[in-house]
Structures are given as C-alpha cells and as structure tokens.
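Asks: My structure is below; once you've seen it, I'll send some questions.
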Amino acid sequence: MIIDLSEKSPTEIYYTLIQSIIPRPIAWVLSDNGNGTNNLAPFSYFSGVSSKPPIVSISVGPKNPGHKKDTWRNIEERKNFVIHIAHEEMAEAVTASSASLADGQSEIDHLGLETIPVENWPLPRLKECRIALLCEKFAIHEIGKAPMGLILGNVKAVYLDNTIITTENNRLKIDAKKLNPLARLGGDDYTTLGNIITIKRPE
Ligand SMILES: Cc1cc2nc3c(=O)[nH]c(=O)nc-3n(C[C@H](O)[C@H](O)[C@H](O)COP(=O)(O)O)c2cc1C
C-alpha cells in the first residue's frame with residue numbers, strides 16, 4: 001500500500017508519520033515563561049542535527065490557529081531552554097505535562113516536579129532526569145501554512161547523572177540501560193529499551 005500524502009489532511013499525515021517514525025526520543029523541554037515560572041512540555045519531533053556547532057531540533061505546532069505553543073513563544077522571546085531525557089518511571093508525568101494550561105502557568109508547579117539550579121546557567125533542570133541539554137536558541141524556521149516551528153537549539157553544555165556514566169576504550173559511554181529512556185510510538189503508546197545488539201562497523 002502506498003499512501004499519497006498530497007491527498008491527506010494535516011491530521012491524517014500526522015498520524016501516518018508518528019506511527020511510521022518509531023521509536024522517537026522525547027525532548028522534555030523546560031523554557032522560561034518570563035514571569036518567574038518555567039514551562040514544561042514534551043516533544044517527540046526531536047533529533048540531533050550537527051556536532052560543531054552542536055545543534056538539536058524540535059518541531060512545535062501551533063496551540064490553535066494563529067497561536068504558538070508556549071514553548072515556541074518562550075524560546076523565541078527568551079532564547080534559553082533545557083531539554084531533558086525522561087526515563088520510564090516518568091511516563092505519567094511526561095504525558096501530564098502535555099496538558100494545555102493557561103498562558104504563563106507552570107506545568108512544573110502543577111505536577112509538583114522538583115527543579116535544581118545549574119551552575120552558570122540561567123535556568124534550572126528537572127532534578128529527577130538523568131540527562132539535560134542546556135540549549136540556546138540557534139534559529140527558528142516556520143514550516144508550512146499551519147505553521148510548525150522548527151526550533152534549532154545550540155547545546156552549550158550537557159548534564160549527565162553520575163549513575164549513567166561509564167567508559168569504554170577511554171571514551172565516555174552512557175549506560176543506556178541505566179538511563180532507561182522513554183520513547184514515543186504512535187497514539188498514546190510509549191516504549192522502553194528492548195534488547196541491545198552490538199555490531200562492529202567495518203574498518
Ligand atoms: C509524548 C508527547 C510528544 C509530543 N510531541 C509533540 C511534538 O513533537 N510537537 C508538538 O507540537 N507537540 C507535541 N506534543 C504535544 C505538546 O506536548 C502539547 O501541545 C503541549 O501542551 C505543548 O505545551 P506548551 O504550549 O506549554 O509548549 C507531544 C505530546 C506528548 C505527550
């Protein structure tokens with residue numbers, strides 16, 4: 001079967017893509033509401049883009065026609081944000097943080113999550129998450145008519161919890177099983193790591 005996307009509605013295209021591009025990592029994004037509180041929301045249109053500079057991307061849709069989601073508006077107006085990698089035990093909180101609250105209201109306070117300050121960084125990170133990417137806005141490109149905001153973040157520093165750090169051949173290795181990252185499938189489904197297979201690359 002071939003699905004011709006040119007004949008499909010944005011919703012049908014969305015459902016086709018999110019069930020095809022799986023499993024997707026989840027960027028759990030903390031951004032600055034500008035009123036002394038921080039916003040938190042999950043985004044699974046999330047990827048690494050380049051290494052030097054170290055750029056990552058998230059794609060953020062409109063809240064409703066003509067209105068940007070808070071994360072998009074916050075990053076546009078105040079540049080710094082923090083992307084967390086959530087683990088399995090946080091699946092409920094990740095999902096709950098996608099609820100639409102009133103503008104400027106904090107999902108962090110609402111969910112009773114704990115944050116911790118980061119040295120030399122204006123925003124805190126979520127205390128429980130084992131990885132946090134400290135990002136500065138690099139560029140925002142509007143894609144399509146809706147439009148969708150392709151937000152590129154320059155990762156200035158990475159927080160890694162000591163419990164997930166190991167070494168292999170004198171290089172830093174993150175223990176994926178100990179990280180136990182949560183990933184998104186289509187609809188309301190999530191997944192976690194299954195078997196890890198190691199295959200040496202050709203010389
Ligand atoms: C696991 C998960 C992944 C999501 N991924 C995206 C995404 O990639 N892009 C998007 O626009 N919304 C995504 N959403 C929906 C947003 O999280 C939701 O619209 C949220 O309310 C946005 O919050 P904000 O207005 O505070 O930025 C996702 C929701 C969940 C639960």
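To be explicit about the labels: the chains of the structure tokens are called A, B, and onward in the order shown, and within each one the residues are counted from 1, while ligands get numbers from 1 in the order they are shown.
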Quick one: DSSP alpha helix (DSSP H) residues in region 4-156 of chain A, as number ranges by chain?
Replies: A: 10-20, 70-78, 91-96, 107-111
Asks: Take the residues from that selection and write them out as a PDB file, in the first residue's frame, keeping C-alpha atoms.
Replies:
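Dumped to part.pdb:
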ATOM      1  CA  PRO A  10      -2.690  17.531   8.174  1.00  0.00           C
ATOM      2  CA  THR A  11      -4.159  15.282  10.905  1.00  0.00           C
ATOM      3  CA  GLU A  12      -4.038  12.165   8.714  1.00  0.00           C
ATOM      4  CA  ILE A  13      -0.453  12.988   7.698  1.00  0.00           C
ATOM      5  CA  TYR A  14       0.489  13.496  11.354  1.00  0.00           C
ATOM      6  CA  TYR A  15      -0.950  10.101  12.357  1.00  0.00           C
ATOM      7  CA  THR A  16       0.773   8.372   9.434  1.00  0.00           C
ATOM      8  CA  LEU A  17       4.158   9.875  10.232  1.00  0.00           C
ATOM      9  CA  ILE A  18       4.098   9.432  14.008  1.00  0.00           C
ATOM     10  CA  GLN A  19       3.276   5.752  13.620  1.00  0.00           C
ATOM     11  CA  SER A  20       5.963   5.261  10.973  1.00  0.00           C
ATOM     12  CA  ASP A  70       4.140  28.350  24.990  1.00  0.00           C
ATOM     13  CA  THR A  71       7.456  26.537  24.390  1.00  0.00           C
ATOM     14  CA  TRP A  72       7.790  28.126  20.940  1.00  0.00           C
ATOM     15  CA  ARG A  73       6.890  31.603  22.198  1.00  0.00           C
ATOM     16  CA  ASN A  74       9.178  31.322  25.235  1.00  0.00           C
ATOM     17  CA  ILE A  75      12.213  30.246  23.177  1.00  0.00           C
ATOM     18  CA  GLU A  76      11.508  32.918  20.568  1.00  0.00           C
ATOM     19  CA  GLU A  77      11.338  35.630  23.237  1.00  0.00           C
ATOM     20  CA  ARG A  78      13.880  34.434  25.813  1.00  0.00           C
ATOM     21  CA  ALA A  91       5.955   8.429  31.610  1.00  0.00           C
ATOM     22  CA  GLU A  92       2.884   9.611  33.547  1.00  0.00           C
ATOM     23  CA  ALA A  93       4.450  12.991  34.324  1.00  0.00           C
ATOM     24  CA  VAL A  94       5.650  13.418  30.715  1.00  0.00           C
ATOM     25  CA  THR A  95       2.115  12.817  29.473  1.00  0.00           C
ATOM     26  CA  ALA A  96       0.525  15.022  32.131  1.00  0.00           C
ATOM     27  CA  GLU A 107       3.370  22.559  34.472  1.00  0.00           C
ATOM     28  CA  ILE A 108       6.301  22.072  36.863  1.00  0.00           C
ATOM     29  CA  ASP A 109       4.432  23.599  39.810  1.00  0.00           C
ATOM     30  CA  HIS A 110       1.175  21.966  38.691  1.00  0.00           C
ATOM     31  CA  LEU A 111       2.757  18.475  38.691  1.00  0.00           C
TER      32      LEU A 111
END
Asks: Please produce, as a tab-separated table, a per-residue contact table for chain A versus ligand 1 (criterion: any atom at most 7 Å away, only C-alpha atoms and all ligand atoms considered), showing the nearest atom pair and its distance in Å to one decimal, sorted by chain then residue number.
Replies:
residue	atom	partner	partner_atom_place_in_ligand_line	distance
A:Ile26	CA	ligand 1	1 (C)	6.3
A:Asn39	CA	ligand 1	26 (O)	5.8
A:Leu40	CA	ligand 1	26 (O)	5.9
A:Ala41	CA	ligand 1	23 (O)	4.7
A:Pro42	CA	ligand 1	17 (O)	4.3
A:Phe43	CA	ligand 1	5 (N)	3.3
A:Ser44	CA	ligand 1	8 (O)	3.9
A:Tyr45	CA	ligand 1	8 (O)	3.7
A:Phe46	CA	ligand 1	8 (O)	6.5
A:Ile58	CA	ligand 1	8 (O)	6.6
A:Ser59	CA	ligand 1	9 (N)	5.3
A:Val60	CA	ligand 1	11 (O)	3.5
A:Gly61	CA	ligand 1	11 (O)	3.7
A:Pro62	CA	ligand 1	11 (O)	6.7
A:Lys63	CA	ligand 1	25 (O)	6.2
A:Lys69	CA	ligand 1	25 (O)	3.7
A:Asp70	CA	ligand 1	25 (O)	3.9
A:Thr71	CA	ligand 1	27 (O)	3.6
A:Trp72	CA	ligand 1	27 (O)	6.3
A:Val94	CA	ligand 1	31 (C)	6.3
A:Thr95	CA	ligand 1	31 (C)	4.3
A:Ser97	CA	ligand 1	17 (O)	6.9
A:Ser98	CA	ligand 1	17 (O)	3.9
A:Ala99	CA	ligand 1	21 (O)	4.8
A:Ser100	CA	ligand 1	21 (O)	4.4
A:Arg184	CA	ligand 1	1 (C)	5.8
Asks: With distances taken over only C-alpha atoms, which residue among A:Leu182, A:Ile174, A:Cys135, A:Ile196 lies nearest Met90 (chain A)?
Replies: A:Leu182
Asks: Can you pull out every residue within 8 Å of Leu126 (chain A), counting only C-alpha atoms, but drop anything in the same chain fewer than 2 positions away, and send it as a ChimeraX atom specification?
Replies: /A:84,113-116,124,128-129
Asks: Give me, as a ChimeraX atom specification, the residues of region 26-152 of chain A that a backbone DSSP run labels strand (DSSP E or B).
Replies: /A:27-32,38-43,46-51,54-60,62-64,67-68,80-85,87,115-116,125-126,131-143,148-152
